[in-house]
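Chemist: For reference, the file start_29.csv (CSV, C-alpha atoms) is included below:
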```csv
chain,number,residue,atom,x,y,z
A,1,MET,CA,15.3,10.1,-19.0
A,2,LEU,CA,17.6,11.5,-16.3
A,3,GLY,CA,19.3,9.0,-14.0
A,4,MET,CA,19.0,8.7,-10.2
A,5,GLU,CA,22.2,10.6,-9.5
A,6,ALA,CA,21.2,13.5,-11.7
A,7,ILE,CA,17.9,13.7,-9.9
A,8,LYS,CA,19.5,13.4,-6.4
A,9,ASN,CA,22.0,16.1,-7.1
A,10,PHE,CA,19.5,18.5,-8.7
A,11,SER,CA,19.7,22.1,-7.5
A,12,ILE,CA,17.5,25.0,-8.6
A,13,ASP,CA,17.7,28.7,-8.8
A,14,LYS,CA,14.3,30.4,-8.2
A,15,SER,CA,15.6,34.0,-8.1
A,16,ASP,CA,13.8,35.0,-11.3
A,17,TRP,CA,10.6,33.0,-10.6
A,18,GLN,CA,7.3,34.8,-9.9
A,19,THR,CA,4.9,34.4,-7.1
A,20,ILE,CA,1.7,33.1,-8.7
A,21,LYS,CA,-1.8,32.5,-7.3
A,22,PHE,CA,-3.1,29.1,-8.1
A,23,GLY,CA,-6.3,30.5,-9.5
A,24,ASP,CA,-4.4,32.6,-12.0
A,25,VAL,CA,-3.0,29.6,-13.8
A,26,VAL,CA,-5.6,26.9,-13.0
A,27,PHE,CA,-9.4,26.8,-13.3
A,28,GLU,CA,-12.2,24.5,-12.4
A,29,PRO,CA,-14.1,23.6,-15.7
A,30,LYS,CA,-17.5,22.7,-14.0
A,31,GLU,CA,-18.7,20.6,-16.9
A,32,SER,CA,-21.5,18.1,-16.5
A,33,VAL,CA,-23.1,15.3,-18.5
A,34,LYS,CA,-26.8,14.5,-18.5
A,35,ASP,CA,-26.6,11.2,-20.5
A,36,PRO,CA,-23.1,9.7,-20.1
A,37,VAL,CA,-23.9,6.6,-22.2
A,38,ALA,CA,-25.2,8.7,-25.1
A,39,GLU,CA,-22.0,10.8,-25.0
A,40,GLY,CA,-19.8,7.7,-25.0
A,41,ILE,CA,-18.5,8.1,-21.5
A,42,GLU,CA,-16.9,4.8,-20.2
A,43,HIS,CA,-15.2,5.7,-16.9
A,44,VAL,CA,-16.7,6.6,-13.5
A,45,VAL,CA,-14.3,7.8,-10.8
A,46,GLY,CA,-15.0,8.0,-7.1
A,47,LEU,CA,-12.7,9.0,-4.3
A,48,GLU,CA,-12.0,5.3,-3.7
A,49,HIS,CA,-10.3,5.1,-7.2
A,50,ILE,CA,-7.7,7.7,-6.4
A,51,ASP,CA,-4.7,6.4,-4.4
A,52,SER,CA,-3.1,8.7,-1.7
A,53,GLU,CA,0.1,10.4,-2.9
A,54,ASP,CA,-0.1,8.8,-6.3
A,55,ILE,CA,0.0,11.2,-9.3
A,56,HIS,CA,-1.5,8.6,-11.6
A,57,LEU,CA,-5.2,7.7,-11.8
A,58,ARG,CA,-5.0,3.9,-12.1
A,59,ARG,CA,-8.6,2.7,-11.5
A,60,SER,CA,-12.2,3.6,-12.4
A,61,ALA,CA,-15.6,1.9,-12.5
A,62,SER,CA,-17.5,1.3,-15.7
A,63,MET,CA,-20.8,2.7,-16.8
A,64,GLU,CA,-22.3,-0.7,-16.2
A,65,GLU,CA,-22.4,0.1,-12.5
A,66,SER,CA,-25.1,2.4,-11.2
A,67,THR,CA,-24.1,6.0,-10.6
A,68,THR,CA,-25.6,9.4,-10.0
A,69,PHE,CA,-22.4,11.3,-10.9
A,70,THR,CA,-22.7,13.9,-13.6
A,71,LYS,CA,-19.5,16.0,-13.2
A,72,LYS,CA,-17.4,15.6,-16.3
A,73,PHE,CA,-13.6,15.5,-16.6
A,74,SER,CA,-11.3,15.4,-19.6
A,75,LYS,CA,-8.1,13.7,-20.4
A,76,ASP,CA,-5.1,15.4,-18.7
A,77,ASP,CA,-7.3,17.0,-16.0
A,78,VAL,CA,-6.3,16.6,-12.4
A,79,LEU,CA,-8.8,15.1,-10.1
A,80,PHE,CA,-8.4,16.4,-6.5
A,81,GLY,CA,-10.1,14.8,-3.6
A,82,ARG,CA,-11.7,17.9,-1.9
A,83,ARG,CA,-13.3,15.8,0.9
A,84,ARG,CA,-10.8,14.9,3.6
A,85,ALA,CA,-7.9,16.6,1.9
A,86,TYR,CA,-5.5,15.1,4.5
A,87,LEU,CA,-5.8,11.8,2.5
A,88,LYS,CA,-3.7,13.6,-0.2
A,89,LYS,CA,-5.6,12.3,-3.2
A,90,ALA,CA,-4.8,14.1,-6.5
A,91,ALA,CA,-4.2,12.3,-9.8
A,92,LYS,CA,-3.9,13.1,-13.5
A,93,ALA,CA,-6.6,11.4,-15.7
A,94,ASP,CA,-5.4,9.7,-18.9
A,95,PHE,CA,-9.0,9.4,-20.1
A,96,GLU,CA,-12.3,11.3,-19.9
A,97,GLY,CA,-15.2,10.4,-17.7
A,98,ILE,CA,-17.5,11.5,-14.9
A,99,CYS,CA,-16.6,11.8,-11.2
A,100,SER,CA,-17.9,12.3,-7.7
A,101,GLY,CA,-19.0,15.7,-6.4
A,102,ASP,CA,-16.4,15.2,-3.7
A,103,ILE,CA,-13.7,15.5,-6.5
A,104,THR,CA,-12.6,18.9,-7.8
A,105,VAL,CA,-11.7,18.9,-11.5
A,106,MET,CA,-8.7,21.1,-12.2
A,107,ARG,CA,-7.4,22.2,-15.6
A,108,ALA,CA,-4.3,24.3,-16.5
A,109,LYS,CA,-4.6,27.6,-18.4
A,110,GLU,CA,-2.3,26.4,-21.1
A,111,GLU,CA,-1.2,29.9,-22.2
A,112,LEU,CA,0.4,30.4,-18.7
A,113,LEU,CA,1.1,26.9,-17.3
A,114,LEU,CA,2.4,23.7,-19.0
A,115,PRO,CA,-0.5,21.3,-18.3
A,116,GLU,CA,1.9,18.5,-17.5
A,117,LEU,CA,3.2,20.4,-14.4
A,118,LEU,CA,-0.2,20.7,-12.8
A,119,PRO,CA,-0.2,17.2,-11.2
A,120,PHE,CA,3.2,18.0,-9.5
A,121,ILE,CA,2.1,21.4,-8.2
A,122,VAL,CA,-1.0,19.8,-6.6
A,123,ASN,CA,1.0,16.8,-5.2
A,124,ASN,CA,3.0,19.0,-3.0
A,125,GLU,CA,3.1,19.1,0.8
A,126,LYS,CA,2.5,22.8,1.0
A,127,PHE,CA,-0.5,22.6,-1.3
A,128,PHE,CA,-2.0,19.8,0.7
A,129,ASP,CA,-1.4,21.7,4.0
A,130,PHE,CA,-3.1,24.7,2.5
A,131,ALA,CA,-6.1,22.6,1.4
A,132,ILE,CA,-6.4,21.0,4.9
A,133,THR,CA,-6.2,24.4,6.6
A,134,HIS,CA,-9.0,25.8,4.4
A,135,SER,CA,-11.3,22.8,4.7
A,136,ALA,CA,-14.6,23.3,6.5
A,137,GLY,CA,-16.8,20.7,8.2
A,138,GLY,CA,-16.6,18.2,11.1
A,139,LEU,CA,-16.6,14.5,10.2
A,140,SER,CA,-16.1,15.1,6.5
A,141,PRO,CA,-14.2,18.4,5.9
A,142,ARG,CA,-14.3,19.7,2.4
A,143,VAL,CA,-12.4,22.4,0.6
A,144,LYS,CA,-13.7,24.6,-2.3
A,145,PHE,CA,-11.8,25.5,-5.4
A,146,LYS,CA,-12.3,29.3,-4.7
A,147,ASP,CA,-10.3,28.8,-1.5
A,148,LEU,CA,-7.6,26.8,-3.3
A,149,ALA,CA,-7.4,29.5,-5.9
A,150,SER,CA,-5.7,31.8,-3.4
A,151,TYR,CA,-2.8,29.4,-2.8
A,152,GLU,CA,0.5,31.1,-3.8
A,153,PHE,CA,3.6,29.4,-5.1
A,154,LEU,CA,6.7,30.3,-7.1
A,155,MET,CA,6.7,29.4,-10.8
A,156,PRO,CA,8.9,30.3,-13.8
A,157,GLU,CA,6.9,32.1,-16.4
A,158,ASP,CA,9.3,30.9,-19.2
A,159,LYS,CA,7.6,27.9,-20.9
A,160,SER,CA,11.0,26.5,-21.8
A,161,VAL,CA,12.0,26.4,-18.1
A,162,GLN,CA,8.7,24.8,-17.3
A,163,LEU,CA,9.4,22.1,-19.9
A,164,LYS,CA,12.8,21.4,-18.3
A,165,LEU,CA,11.1,21.1,-14.9
A,166,PHE,CA,8.6,18.7,-16.3
A,167,GLU,CA,11.4,16.5,-17.9
A,168,LEU,CA,13.1,16.3,-14.5
A,169,LEU,CA,9.9,15.4,-12.6
A,170,HIS,CA,8.8,13.0,-15.3
A,171,SER,CA,12.2,11.2,-15.0
A,172,ALA,CA,11.7,10.8,-11.2
A,173,THR,CA,8.2,9.5,-11.8
A,174,GLN,CA,9.3,7.0,-14.4
A,175,LEU,CA,12.1,5.8,-12.0
A,176,LYS,CA,9.4,5.2,-9.3
A,177,LEU,CA,7.1,3.4,-11.8
A,178,LYS,CA,9.9,1.2,-12.9
A,179,THR,CA,10.7,0.1,-9.3
A,180,GLU,CA,7.0,-0.4,-8.7
A,181,GLN,CA,6.9,-2.7,-11.6
A,182,GLN,CA,9.9,-4.6,-10.3
A,183,VAL,CA,8.1,-5.1,-6.9
A,184,SER,CA,4.9,-6.2,-8.7
A,185,ASN,CA,6.8,-8.7,-10.8
A,186,LEU,CA,8.6,-10.2,-7.8
A,187,ASN,CA,5.4,-10.4,-5.9
A,188,ALA,CA,3.7,-12.2,-8.8
A,189,TYR,CA,6.7,-14.5,-9.2
A,190,TYR,CA,6.7,-15.4,-5.5
A,191,ASP,CA,3.0,-16.2,-5.6
A,192,THR,CA,3.5,-18.4,-8.6
A,193,VAL,CA,6.3,-20.4,-7.1
A,194,VAL,CA,4.4,-20.7,-3.7
A,195,ASN,CA,1.4,-22.1,-5.5
A,196,ASN,CA,3.5,-24.5,-7.6
A,197,PHE,CA,4.8,-26.0,-4.4
A,198,PHE,CA,1.9,-25.7,-2.1
A,199,THR,CA,-1.3,-25.6,-4.0
A,200,GLU,CA,-0.5,-28.2,-6.7
A,201,ALA,CA,-0.9,-31.7,-5.3
A,202,HIS,CA,2.3,-33.8,-4.9
A,203,ASP,CA,1.9,-37.6,-4.9
A,204,ASP,CA,5.1,-38.1,-2.9
A,205,TRP,CA,4.1,-35.7,-0.2
A,206,ASP,CA,2.1,-36.4,3.0
A,207,TYR,CA,-0.8,-34.0,3.7
A,208,VAL,CA,-1.4,-33.9,7.5
A,209,PRO,CA,-3.2,-31.5,9.9
A,210,LEU,CA,-1.1,-28.6,11.0
A,211,LYS,CA,-1.6,-29.5,14.6
A,212,SER,CA,0.1,-32.8,14.1
A,213,VAL,CA,3.4,-31.3,12.9
A,214,SER,CA,3.5,-28.1,15.0
A,215,SER,CA,2.4,-26.5,18.3
A,216,ILE,CA,-0.1,-23.7,18.2
A,217,ASN,CA,-0.2,-21.2,21.0
A,218,HIS,CA,2.0,-23.5,23.1
A,219,LYS,CA,2.6,-20.8,25.7
A,220,THR,CA,0.3,-18.2,27.1
A,221,LEU,CA,0.7,-15.4,29.7
A,222,THR,CA,-1.4,-16.2,32.7
A,223,SER,CA,-2.5,-14.6,35.9
A,224,LYS,CA,0.6,-16.0,37.6
A,225,THR,CA,2.8,-13.7,35.4
A,226,LYS,CA,4.5,-11.0,37.4
A,227,ASP,CA,3.0,-7.5,36.8
A,228,SER,CA,6.5,-6.1,36.3
A,229,TYR,CA,7.3,-8.4,33.4
A,230,GLU,CA,8.0,-6.3,30.3
A,231,PHE,CA,7.6,-7.4,26.7
A,232,ASN,CA,7.1,-6.1,23.1
A,233,TYR,CA,3.4,-6.3,22.3
A,234,LEU,CA,2.7,-7.5,18.7
A,235,ASP,CA,-1.0,-6.6,18.1
A,236,LEU,CA,-2.9,-6.8,14.8
A,237,SER,CA,-2.1,-3.2,13.9
A,238,SER,CA,1.6,-4.0,14.2
A,239,ILE,CA,1.4,-6.6,11.4
A,240,GLN,CA,1.2,-4.3,8.4
A,241,GLY,CA,0.4,-6.8,5.6
A,242,PRO,CA,2.4,-9.8,4.5
A,243,LYS,CA,5.7,-10.3,6.4
A,244,LYS,CA,5.9,-6.7,7.6
A,245,ILE,CA,6.0,-5.5,11.3
A,246,GLY,CA,5.5,-1.9,12.3
A,247,GLY,CA,6.2,-0.5,15.8
A,248,MET,CA,5.5,-2.7,18.8
A,249,SER,CA,4.4,-1.3,22.1
A,250,VAL,CA,6.6,-2.0,25.1
A,251,LEU,CA,4.2,-3.0,27.9
A,252,SER,CA,4.4,-4.6,31.3
A,253,TYR,CA,2.0,-7.4,32.2
A,254,GLY,CA,0.3,-5.2,34.8
A,255,GLU,CA,-0.7,-2.6,32.2
A,256,ALA,CA,-1.3,-5.0,29.2
A,257,PRO,CA,-4.7,-5.5,27.7
A,258,SER,CA,-6.3,-8.9,28.3
A,259,ARG,CA,-5.8,-9.9,24.6
A,260,ALA,CA,-1.9,-9.7,25.1
A,261,ARG,CA,-1.5,-13.4,25.8
A,262,ARG,CA,0.3,-15.3,23.0
A,263,VAL,CA,4.0,-15.8,23.9
A,264,VAL,CA,6.1,-15.8,20.7
A,265,SER,CA,9.0,-18.3,20.3
A,266,ASP,CA,12.1,-18.1,18.2
A,267,ASN,CA,11.6,-19.2,14.6
A,268,SER,CA,7.8,-19.2,14.8
A,269,SER,CA,5.0,-18.0,12.4
A,270,VAL,CA,2.6,-15.5,13.8
A,271,ILE,CA,-0.7,-15.7,11.9
A,272,ALA,CA,-3.4,-13.1,12.1
A,273,LEU,CA,-6.7,-15.0,12.5
A,274,VAL,CA,-8.8,-11.9,11.9
A,275,ARG,CA,-9.3,-11.2,8.1
A,276,PRO,CA,-6.7,-13.9,7.2
A,277,TYR,CA,-7.3,-13.1,3.5
A,278,GLN,CA,-5.1,-10.0,4.1
A,279,ARG,CA,-2.2,-12.4,4.7
A,280,ALA,CA,-0.9,-10.5,7.8
A,281,PHE,CA,1.5,-13.3,8.6
A,282,VAL,CA,5.1,-12.7,9.9
A,283,PHE,CA,8.0,-15.0,10.7
A,284,ILE,CA,9.8,-14.2,14.0
A,285,ASP,CA,13.4,-15.5,14.2
A,286,ASP,CA,14.1,-13.9,17.5
A,287,GLY,CA,11.0,-14.1,19.7
A,288,LYS,CA,12.6,-13.0,23.0
A,289,ASP,CA,10.1,-11.0,25.1
A,290,ILE,CA,7.5,-10.7,22.3
A,291,VAL,CA,3.8,-11.3,23.2
A,292,SER,CA,1.1,-11.2,20.5
A,293,SER,CA,-2.6,-10.6,20.6
A,294,THR,CA,-5.2,-13.3,21.0
A,295,GLY,CA,-6.2,-12.3,17.5
A,296,THR,CA,-3.2,-14.2,16.3
A,297,ALA,CA,-1.9,-17.7,16.4
A,298,VAL,CA,1.8,-18.5,17.2
A,299,VAL,CA,2.8,-21.6,15.2
A,300,CYS,CA,6.0,-23.5,16.0
A,301,ALA,CA,7.1,-26.3,13.7
A,302,ASN,CA,8.1,-29.7,15.1
A,303,ALA,CA,11.7,-30.8,14.8
A,304,ASN,CA,11.0,-32.8,11.6
A,305,LEU,CA,9.6,-29.7,9.8
A,306,ASP,CA,11.6,-26.8,8.4
A,307,GLU,CA,10.2,-23.6,10.0
A,308,ARG,CA,10.5,-21.4,6.9
A,309,PHE,CA,9.1,-24.2,4.7
A,310,LEU,CA,6.0,-24.1,7.0
A,311,PHE,CA,5.8,-20.3,7.0
A,312,HIS,CA,5.8,-20.0,3.2
A,313,GLN,CA,2.8,-22.4,3.0
A,314,PHE,CA,0.5,-19.9,4.6
A,315,PHE,CA,0.8,-17.7,1.4
A,316,SER,CA,-0.6,-20.3,-0.9
A,317,SER,CA,-4.0,-19.9,-2.6
A,318,ARG,CA,-4.9,-23.3,-1.1
A,319,PHE,CA,-4.5,-21.9,2.4
A,320,LEU,CA,-6.5,-18.8,1.4
A,321,ARG,CA,-9.4,-20.9,0.2
A,322,PHE,CA,-9.3,-22.9,3.4
A,323,CYS,CA,-9.6,-19.7,5.5
A,324,GLU,CA,-12.5,-18.5,3.3
A,325,ARG,CA,-14.3,-21.7,4.1
A,326,MET,CA,-13.7,-21.6,7.8
A,327,MET,CA,-14.2,-17.8,8.5
A,328,THR,CA,-17.1,-16.7,10.6
A,329,GLY,CA,-18.4,-13.2,11.4
A,330,SER,CA,-19.2,-10.3,9.1
A,331,THR,CA,-17.5,-7.1,10.3
A,332,TYR,CA,-14.3,-9.0,11.5
A,333,PRO,CA,-14.4,-12.4,9.8
A,334,ALA,CA,-12.0,-14.7,11.5
A,335,ILE,CA,-10.8,-18.3,11.9
A,336,THR,CA,-10.0,-19.9,15.3
A,337,PRO,CA,-6.7,-21.5,16.4
A,338,ASP,CA,-8.6,-24.9,16.3
A,339,ASP,CA,-9.6,-24.2,12.7
A,340,LEU,CA,-6.0,-23.4,11.8
A,341,GLY,CA,-4.9,-26.7,13.4
A,342,LEU,CA,-7.1,-28.6,10.9
A,343,TYR,CA,-5.4,-27.2,7.8
A,344,LYS,CA,-3.5,-29.9,6.0
A,345,ILE,CA,0.1,-29.1,5.5
A,346,GLY,CA,2.1,-30.6,2.6
A,347,VAL,CA,5.2,-32.4,3.9
A,348,PRO,CA,7.9,-34.0,1.6
A,349,LYS,CA,9.2,-37.2,3.0
A,350,LYS,CA,12.8,-35.8,3.2
A,351,LYS,CA,13.6,-32.7,5.2
A,352,GLU,CA,16.3,-31.9,2.7
A,353,GLU,CA,13.6,-31.2,0.1
A,354,GLN,CA,11.8,-28.9,2.5
A,355,THR,CA,15.0,-26.9,3.1
A,356,CYS,CA,15.7,-26.8,-0.7
A,357,ILE,CA,12.2,-25.3,-1.3
A,358,SER,CA,12.4,-22.9,1.6
A,359,THR,CA,15.8,-21.7,0.5
A,360,LYS,CA,14.5,-20.9,-3.0
A,361,LEU,CA,11.5,-19.0,-1.6
A,362,ASP,CA,13.7,-17.2,0.9
A,363,GLU,CA,15.9,-16.0,-2.0
A,364,ILE,CA,12.8,-14.6,-3.8
A,365,GLU,CA,11.7,-12.9,-0.5
A,366,ASN,CA,15.1,-11.3,-0.1
A,367,SER,CA,14.8,-9.9,-3.6
A,368,GLN,CA,11.4,-8.6,-2.7
A,369,VAL,CA,12.7,-6.8,0.4
A,370,LYS,CA,15.5,-5.2,-1.5
A,371,ALA,CA,13.1,-4.0,-4.3
A,372,GLU,CA,10.7,-2.6,-1.7
A,373,LYS,CA,13.5,-0.7,0.0
A,374,LEU,CA,14.6,0.7,-3.3
A,375,LEU,CA,10.9,1.7,-4.1
A,376,ASN,CA,10.7,3.4,-0.7
A,377,ASP,CA,13.9,5.3,-1.4
A,378,ASN,CA,12.8,6.3,-4.9
A,379,PHE,CA,9.4,7.4,-3.5
A,380,LEU,CA,11.1,9.6,-0.9
A,381,MET,CA,13.4,11.1,-3.5
A,382,TYR,CA,10.4,11.7,-5.8
A,383,ARG,CA,8.4,13.4,-2.9
A,384,ASN,CA,11.4,15.5,-1.9
A,385,LEU,CA,12.0,16.6,-5.5
A,386,ILE,CA,8.4,17.8,-5.9
A,387,ASN,CA,8.6,19.7,-2.6
A,388,LYS,CA,11.9,21.2,-3.6
A,389,VAL,CA,10.6,22.5,-7.0
A,390,PHE,CA,7.2,23.8,-5.8
```
Any chance you could put this one into structure tokens?

Modeler:
Amino acid sequence: MLGMEAIKNFSIDKSDWQTIKFGDVVFEPKESVKDPVAEGIEHVVGLEHIDSEDIHLRRSASMEESTTFTKKFSKDDVLFGRRRAYLKKAAKADFEGICSGDITVMRAKEELLLPELLPFIVNNEKFFDFAITHSAGGLSPRVKFKDLASYEFLMPEDKSVQLKLFELLHSATQLKLKTEQQVSNLNAYYDTVVNNFFTEAHDDWDYVPLKSVSSINHKTLTSKTKDSYEFNYLDLSSIQGPKKIGGMSVLSYGEAPSRARRVVSDNSSVIALVRPYQRAFVFIDDGKDIVSSTGTAVVCANANLDERFLFHQFFSSRFLRFCERMMTGSTYPAITPDDLGLYKIGVPKKKEEQTCISTKLDEIENSQVKAEKLLNDNFLMYRNLINKVF
């Protein structure tokens, strides 16, 4: 497998490559199955099982679940999401099965194209742009294979050159997968350590309501606030999963929506109350001029409680089960700030023990951040390489 430097420094000479129409080297098999069970089919794939911009098909349903699908695909076929092509769903199947009619099955003409290259040709920005442009329909635009067949791209006819290209692209894929596994392992390790500390009962800890050891939404913007006051608005869409903040809008009080009310303090935990099972919780060490939505709770630890020690507790399975018991609503299930205040926090008698635990968890979190940055870098390199080749 090639290393990262070799992949980064890769250059390519396409002077002797040929312009090829997609339909000249790829076809749509159009096979169907009347009785999948009798034919030993085990996998059912819908659009929901294909992840955007992921070359690998990682999930499927079983035949035990009811389905009306009859379109058959074989091992090594590429499954392309023809509905809403802008979602960029195209993955290679490592097994046979049946799939949705909103998926186009693609298969390489092996005498002309190395089948292993097909997933990379399809997972290309120019191919997706072509598919989007040629989609028809309003709410659910779809693209047909006969339109995709006219897509043109450069390709070497020499199979030995195709093989070298595959080896390069495969190396980049393996590098990305390796980093994904590192991130997954660190996430699992963090969850295990958090639960060891905060889900398992400790005889020498006190378990007290959160509201007794912290303030919740201690400060709120009111009608007395000057309309000219500017702040960074942290709404639910800005909290992009556990511990991650996206862009915050800069608003003035005069133009802010009525839900922009929770004033954020330094070293506070901002907890999304809506769908709390998504663990959209972030720690804010510098809360200057940040205001969050009323769909969140701003939790500030008292002086005798380590702030980071408190924050890590919200990621325990015990807190998740608490939220599941307290949630109300169906479309947007949520807990209230009062509900949150009832959650019993585990508190060691000595603050030194709190600091020791939070330090250990912070170290794991720092490793997670580094691994996720590396994963993002590898993904960008992988995408750029595909676009450079095809």

Chemist: Which distance in Å separates CA of Glu363 in chain A and CA of Val274 in chain A, to one decimal?

Modeler: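 So the two atoms, CA of Glu363 in chain A and CA of Val274 in chain A, lie 28.6 Å apart.
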
Chemist: Identify which of the residues A:Val264, A:Met326, A:Ala172, A:Val291 lies closest to Leu380 in chain A, counting all atoms listed in the file when measuring atom-to-atom distances.

Modeler: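 Between A:Val264, A:Met326, A:Ala172, A:Val291, the residue approaching Leu380 in chain A most closely is A:Ala172.
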
Chemist: I need the residue nearest Val25 in chain A from this list: A:Gln313, A:Ser150, A:Asn195, A:Thr173. Use all atoms listed in the file for the distance.

Modeler: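 Closest residue, counting all atoms listed in the file: A:Ser150.
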
Chemist: Could you check which of A:Ser237, A:Pro29, A:Arg308, A:Leu163 is closest to Lys360 in chain A, using only C-alpha atoms?

Modeler: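 Checking each of A:Ser237, A:Pro29, A:Arg308, A:Leu163 against Lys360 in chain A, counting only C-alpha atoms, the winner is A:Arg308.
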
Chemist: Mind giving me the straight-line distance from CA of Thr133 in chain A to CA of Ala85 in chain A in Å, one decimal?

Modeler: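 So the two atoms, CA of Thr133 in chain A and CA of Ala85 in chain A, lie 9.3 Å apart.
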
Chemist: What is the CA of Gly346 in chain A to CA of Tyr190 in chain A distance in Å?

Modeler: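 Rounded to one decimal, the two atoms are 17.8 Å apart.
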
Chemist: Please complete range 69-81 of chain A with N, CA, C and O atoms and give it back as a short mmCIF file (atom, residue, chain, number, x, y, z; two decimals), keeping the file's coordinate frame.

Modeler:
```cif
data_model
loop_
_atom_site.label_atom_id
_atom_site.label_comp_id
_atom_site.auth_asym_id
_atom_site.auth_seq_id
_atom_site.Cartn_x
_atom_site.Cartn_y
_atom_site.Cartn_z
N PHE A 69 -23.39 10.24 -10.59
CA PHE A 69 -22.40 11.30 -10.90
C PHE A 69 -22.72 11.92 -12.26
O PHE A 69 -23.13 11.24 -13.21
N THR A 70 -22.52 13.24 -12.33
CA THR A 70 -22.70 13.90 -13.60
C THR A 70 -21.52 14.87 -13.92
O THR A 70 -21.44 15.40 -15.03
N LYS A 71 -20.62 15.08 -12.97
CA LYS A 71 -19.50 16.00 -13.20
C LYS A 71 -18.51 15.37 -14.20
O LYS A 71 -18.04 14.26 -14.00
N LYS A 72 -18.21 16.11 -15.23
CA LYS A 72 -17.40 15.60 -16.30
C LYS A 72 -15.91 16.05 -16.11
O LYS A 72 -15.64 17.16 -15.66
N PHE A 73 -14.99 15.16 -16.47
CA PHE A 73 -13.60 15.50 -16.60
C PHE A 73 -13.03 15.07 -17.89
O PHE A 73 -13.57 14.14 -18.51
N SER A 74 -11.96 15.70 -18.35
CA SER A 74 -11.30 15.40 -19.60
C SER A 74 -9.95 14.80 -19.42
O SER A 74 -9.38 14.88 -18.33
N LYS A 75 -9.43 14.22 -20.46
CA LYS A 75 -8.10 13.70 -20.40
C LYS A 75 -7.09 14.81 -20.06
O LYS A 75 -7.22 15.93 -20.51
N ASP A 76 -6.16 14.49 -19.18
CA ASP A 76 -5.10 15.40 -18.70
C ASP A 76 -5.58 16.34 -17.57
O ASP A 76 -4.78 17.11 -17.03
N ASP A 77 -6.87 16.30 -17.20
CA ASP A 77 -7.30 17.00 -16.00
C ASP A 77 -6.76 16.39 -14.77
O ASP A 77 -6.45 15.19 -14.75
N VAL A 78 -6.66 17.18 -13.72
CA VAL A 78 -6.30 16.60 -12.40
C VAL A 78 -7.51 16.53 -11.55
O VAL A 78 -8.30 17.47 -11.44
N LEU A 79 -7.70 15.36 -10.95
CA LEU A 79 -8.80 15.10 -10.10
C LEU A 79 -8.36 15.20 -8.63
O LEU A 79 -7.53 14.40 -8.20
N PHE A 80 -8.87 16.17 -7.90
CA PHE A 80 -8.40 16.40 -6.50
C PHE A 80 -9.52 16.06 -5.55
O PHE A 80 -10.67 16.52 -5.66
N GLY A 81 -9.18 15.22 -4.58
CA GLY A 81 -10.10 14.80 -3.60
C GLY A 81 -10.37 15.94 -2.58
O GLY A 81 -9.57 16.16 -1.67
#
```
